[in-house]
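All remarks here apply to the structure that follows.
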Amino acid sequence: MMKKLFWIVLSCTFIFLPNSGLFASGTITGKVLDIDGNVLSGVNIRIKGTDLGTVSRTDGKFFLSGSLSGTQTLIISHILFITEEVSVNVKDDSTIDIIIKFTQERSFYLSEVVVTATKFNTEPEKVPQTITLIPGEEVEKGHFYNVGEMLDYVPGVRIVRSGTVGASIGVSIRSLYGSKSLILIDGKPLNDAWEGGVNWNTVPTAMVERIEVVRGPSSALYGSQATGGVINVFTKSPLPGFHGWVSAGYEMNGSRKISDADADGYGRAGINASNFQLNGSYKSDNTSHLVSFGLRNSDQSFPSPYKNKWNNYDIKYKLNHLFSEKMTSNLNIDIHNDNWRNEAEDIPAEDNNNFFAADFFTKYQGKPGIFSGRIYMNYTNNTNKVISTDLKTGSKSYRLGLITDYTLPFTARNASLKLGLDSYLDYADVNYEKAVVDMTYLGVSTINIYDKKTGQIDQEQADTFSGTYGSNAQEYNLNNAALFAQYNQNITNRLNIVIGGRFDIHSEFGSIFNPKAGITFEVFDIHNFTTNLKLNYGAGFRAPTMRALFSKSLGGYGDPNLSPEKTNNFDIGIFERFGNFGFLELTYFKMDVEDLLINDKQGSTGEGYWVFIPDNQSGIDTLSFRQRKNLGDYSPSGWELGFKIKPHRQITLTGAYSYLDPGDFTFQTSKNRYNISINAYQPAGKNKFEAEILYNYTGDGYYFDFKRNPFDSYAVTDGRIAFDFQNLFRISLHGKNLTDKKYRLSYNAWQPGRTFVIRIDTRF
């Protein structure tokens with residue numbers, strides 16, 4: 001009886017299945033266009049209420065197949081446009097072809113969420129800290145050799161180059177300069193173990209998807225290296241299928257020469273430089289690969305017969321694998337080399353810098369929370385060789401790190417809690433063939449300072465030391481382990497709070513706790529015109545690096561008795577959103593710094609530090625050096641303004657203003673800095689013409705400490721015109737320092753004059 005009943009039910013099932021539509025299928029194909037009718041790649045197309053979806057290809061086309069019979073609603077989303085919903089009626093076993101065109105841009109929601117400030121996915125206006133987002137389109141359209149060069153246009157941030165194209169770059173956030181800001185690549189710390197800084201040439205712009213800049217101490221989440229702030233660079237992710245991109249640029253000199261006599265002994269260089277980048281990617285359903293190769297070089301000709309030459313290459317590999325709907329993993333490998341041959345310097349030398357990094361990250365979303373873990377390694381090998389003597393100074397350093405965290409959501413409270421572990425081990429092997437050792441303070445004495453370029457001798461009062469020559473080969477290590485926690489809750493739809501803290505145990509300086517607390521409150525909201533009030537407090541600390549403690553280099557002589565730098569910062573700000581027309585953010589900050597760490601070159605008299613060294617060949621060598629020291633207390637404050645406004649769909653205005661009151665201490669600071677840019681484009685069928693002009697002003701300021709070395713204000717104007725052919729081929733002309741302004745960012749580093757760059761980009 002049961003067997004007969006089974007066959008009756010099965011037969012009825014097959015009889016009625018065609019009418020029920022359970023086995024019916026259909027196909028949806030189509031093309032996605034932007035507002036101007038250009039094909040649009042990277043668009044997410046998803047069937048509403050299901051997990052079925054796809055992404056448009058480089059030609060804008062997409063394909064969906066499955067159980068699609070009947071009326072279906074497509075959700076069409078892209079980072080640049082307001083999400084659209086389109087209804088289609090699919091008949092059984094048929095194909096429907098449609099064209100979808102976006103109708104509204106979302107220019108000011110280029111990144112709907114930010115993650116760096118809180119490690120939660122949060123809308124920018126609901127983050128208590130002051131942040132700036134730089135979308136990948138802005139990075140890609142400009143001609144910058146590395147990410148560091150872009151940061152000069154961020155409120156509260158200033159970059160300082162030690163020379164011209166390819167030279168080292170220091171980043172100052174709210175006047176905290178050098179290695180006091182943490183640099184991340186896709187969340188992985190990049191700062192090296194020996195110096196604590198970053199070679200920005202290891203971060204080429206060609207790989208950038210977006211940049212998040214967090215201003216103000218972030219040690220409550222990120223530890224010792226985040227007293228100034230955090231800069232997180234997110235790299236590109238592959239699109240489905242095979243894709244490639246090639247970029248080539250050539251920069252040429254267009255400026256007048258400035259001789260040594262007209263430039264305090266340091267003439268301005270003429271520039272000839274090239275930049276080549278090749279990217280390739282492949283993405284299947286569960287796995288993606290991305291490979292990038294970059295090659296850059298520059299010849300810099302001075303009024304003297306000597307030149308400086310820079311050669312640089314980098315290789316990057318990025319692997320992503322989806323093990324299941326709940327678990328994904330990423331592997332990143334970076335290889336980089338920088339070579340500088342400085343023949344035009346006082347002491348001609350050659351620098352060779354090698355960098356290798358590996359990073360494995362995994363994320364598991366279970367019930368009820370999300371676990372993520374990261375293991376990473378940074379290796380740096382730097383060598384300096386004096387050309388005339390072949391004397392070498394070198395350091396090799398490693399950082400091995402582990403970062404894990406667990407996020408627990410509290411759905412009923414509209415809240416979440418993040419708990420984490422962050423630990424690392426630093427190791428350095430330093431070798432000086434000829435170092436200055438046994439240094440002893442002699443007091444303030446009169447010395448003869450000889451300028452090798454002008455031949456002039458001046459007598460000055462300066463801090464003097466005695467010392468001897470000797471080799472110095474040492475190994476050093478430091479380690480740090482920390483626990484951190486952060487709680488985020490939406491008290492109401494308008495009020496959000498973030499509280500957290502981090503407990504660090506440092507091998508040299510013991511334990512320290514850094515808290516943070518922030519509030520955002522939506523004061524006003526009508527038709528997406530919103531006003532948000534931000535209040536934030538954060539504490540930070542900066543442990544001296546191994547170089548600051550142990551170095552025997554005259555570029556920064558170490559002191560093992562240094563104390564950590566401690567920081568307290570308070571922000572209050574307004575974030576104003578003007579619907580789809582743009583935004584404006586205004587912030588006031590006040591910072592108190594205890595035991596400020598500096599690399600001082602002034603000394604007690606302003607004429608620096610000098611050491612007398614017996615030499616069997618030349619008698620007594622008199623050399624200048626810099627001293628690592630704790631300066632004391634420091635209390636800067638200031639205002640920061642940033643905005644992006646779109647008065648017309650094809651015109652964008654972007655600007656920033658920073659006012660800084662540094663008190664008595666100054667280092668590469670000026671009270672007033674601002675920039676403004678105007679970008680416009682004109683469609684021509686499926687093509688596009690684009691133009692941009694950018695004006696960047698820096699007011700009167702000071703090079704070094706205690707207001708002893710002033711510099712005059714300067715303004716630089718850059719421009720760009722470009723033609724984009726169907727989003728597949730692009731040619732652009734960039735003009736830098738169009739007015740040929742004579743200016744410098746440090747005492748002996750005159751910046752390039754007018755240069756022009758021709759650049760070609762193509763995708764396939």
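Please note that chains go A, B, ... in the order of the structure tokens, that every chain numbers its residues from 1, and that ligands are numbered from 1 in the order shown.
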
As a ChimeraX atom specification, please: every residue in region 459-665 of chain A that a backbone DSSP assignment puts in alpha helix (DSSP H).
/A:546-550

With a distance cut-off of 6 Å and only C-alpha atoms, select the neighbouring residues of Thr362 (chain A), excluding the residue or stretch itself and same-chain residues fewer than 3 positions from it, and output the selection as a ChimeraX atom specification.
/A:328-329,372-373

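For the pair CA of Lys392 (chain A) and CA of Asn431 (chain A), the separation is 8.1 Å.
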
Give me the residues of region 210-244 of chain A that have any atom at most 7 Å from an atom of region 273-285 of chain A; for each, the nearest atom pair and the distance in Å, rounded to one decimal. Use only C-alpha atoms, sort by chain and number, and format it as CSV.
residue,atom,partner,partner_atom,distance
A:Pro238,CA,A:Ser281,CA,5.6
A:Leu239,CA,A:Lys283,CA,6.1
A:Pro240,CA,A:Lys283,CA,4.6
A:Gly241,CA,A:Lys283,CA,5.1
A:Phe242,CA,A:Tyr282,CA,4.5
A:His243,CA,A:Ser281,CA,5.3
A:Gly244,CA,A:Gly280,CA,4.3

Write out, as a PDB file, in the first residue's frame, the residues just selected, with N, CA, C and O atoms.
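Everything below was put into part05.pdb:
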ATOM      1  N   PRO A 238      40.236  42.551  -8.040  1.00  0.00           N
ATOM      2  CA  PRO A 238      39.971  42.168  -9.435  1.00  0.00           C
ATOM      3  C   PRO A 238      38.481  42.147  -9.756  1.00  0.00           C
ATOM      4  O   PRO A 238      37.638  41.885  -8.891  1.00  0.00           O
ATOM      5  N   LEU A 239      38.149  42.406 -11.025  1.00  0.00           N
ATOM      6  CA  LEU A 239      36.808  42.231 -11.563  1.00  0.00           C
ATOM      7  C   LEU A 239      36.699  40.819 -12.140  1.00  0.00           C
ATOM      8  O   LEU A 239      37.712  40.164 -12.409  1.00  0.00           O
ATOM      9  N   PRO A 240      35.482  40.296 -12.321  1.00  0.00           N
ATOM     10  CA  PRO A 240      35.325  38.942 -12.879  1.00  0.00           C
ATOM     11  C   PRO A 240      35.990  38.795 -14.246  1.00  0.00           C
ATOM     12  O   PRO A 240      35.951  39.710 -15.078  1.00  0.00           O
ATOM     13  N   GLY A 241      36.618  37.645 -14.471  1.00  0.00           N
ATOM     14  CA  GLY A 241      37.286  37.372 -15.737  1.00  0.00           C
ATOM     15  C   GLY A 241      38.707  37.892 -15.764  1.00  0.00           C
ATOM     16  O   GLY A 241      39.297  38.218 -14.730  1.00  0.00           O
ATOM     17  N   PHE A 242      39.283  37.952 -16.986  1.00  0.00           N
ATOM     18  CA  PHE A 242      40.633  38.458 -17.183  1.00  0.00           C
ATOM     19  C   PHE A 242      40.582  39.962 -17.470  1.00  0.00           C
ATOM     20  O   PHE A 242      39.766  40.415 -18.271  1.00  0.00           O
ATOM     21  N   HIS A 243      41.475  40.728 -16.840  1.00  0.00           N
ATOM     22  CA  HIS A 243      41.544  42.168 -17.074  1.00  0.00           C
ATOM     23  C   HIS A 243      42.999  42.618 -16.965  1.00  0.00           C
ATOM     24  O   HIS A 243      43.816  42.002 -16.268  1.00  0.00           O
ATOM     25  N   GLY A 244      43.297  43.700 -17.636  1.00  0.00           N
ATOM     26  CA  GLY A 244      44.633  44.274 -17.549  1.00  0.00           C
ATOM     27  C   GLY A 244      44.582  45.779 -17.670  1.00  0.00           C
ATOM     28  O   GLY A 244      43.589  46.362 -18.131  1.00  0.00           O
TER      29      GLY A 244
END

DSSP strand (DSSP E or B) residues within region 96-329 of chain A, listed as JSON, numbers by chain
{"A": [96, 97, 98, 99, 100, 101, 105, 114, 122, 130, 131, 132, 133, 134, 135, 157, 158, 159, 160, 161, 169, 170, 171, 172, 173, 176, 177, 181, 182, 183, 184, 185, 188, 189, 208, 209, 210, 211, 212, 213, 214, 215, 229, 230, 231, 232, 233, 234, 235, 241, 242, 243, 244, 245, 246, 247, 248, 249, 250, 251, 252, 253, 270, 271, 272, 273, 274, 275, 276, 277, 278, 279, 280, 281, 282, 283, 287, 288, 289, 290, 291, 292, 293, 294, 295, 296, 297, 298, 299, 300, 301, 307, 308, 309, 310, 311, 312, 313, 314, 315, 316, 317, 318, 319, 320, 321, 322, 327, 328, 329]}

I want to know what sits within 7 Å of Ile134 (chain A), based on only C-alpha atoms, with residues of the same chain fewer than 6 positions away left out; could you give that as a PyMOL selection string?
chain A and resi 210-212

For the selection just defined, write its residues with N, CA, C and O atoms to a file, as an mmCIF file, in the first residue's frame.
data_model
loop_
_atom_site.group_PDB
_atom_site.id
_atom_site.type_symbol
_atom_site.label_atom_id
_atom_site.label_comp_id
_atom_site.auth_asym_id
_atom_site.auth_seq_id
_atom_site.Cartn_x
_atom_site.Cartn_y
_atom_site.Cartn_z
ATOM 1 N N ARG A 210 41.295 53.187 -2.647
ATOM 2 C CA ARG A 210 40.899 54.373 -1.895
ATOM 3 C C ARG A 210 41.864 54.543 -0.729
ATOM 4 O O ARG A 210 42.617 53.628 -0.386
ATOM 5 N N ILE A 211 41.848 55.736 -0.125
ATOM 6 C CA ILE A 211 42.708 56.043 1.028
ATOM 7 C C ILE A 211 41.842 56.636 2.120
ATOM 8 O O ILE A 211 40.993 57.493 1.861
ATOM 9 N N GLU A 212 42.044 56.187 3.355
ATOM 10 C CA GLU A 212 41.372 56.766 4.505
ATOM 11 C C GLU A 212 42.429 57.371 5.425
ATOM 12 O O GLU A 212 43.393 56.692 5.812
#

List the spatial neighbours of Leu331 (chain A) as a ChimeraX atom specification - criterion: any atom at most 8 Å away, only C-alpha atoms, same-chain residues fewer than 2 positions off excluded.
/A:318-320,329,333,358-361
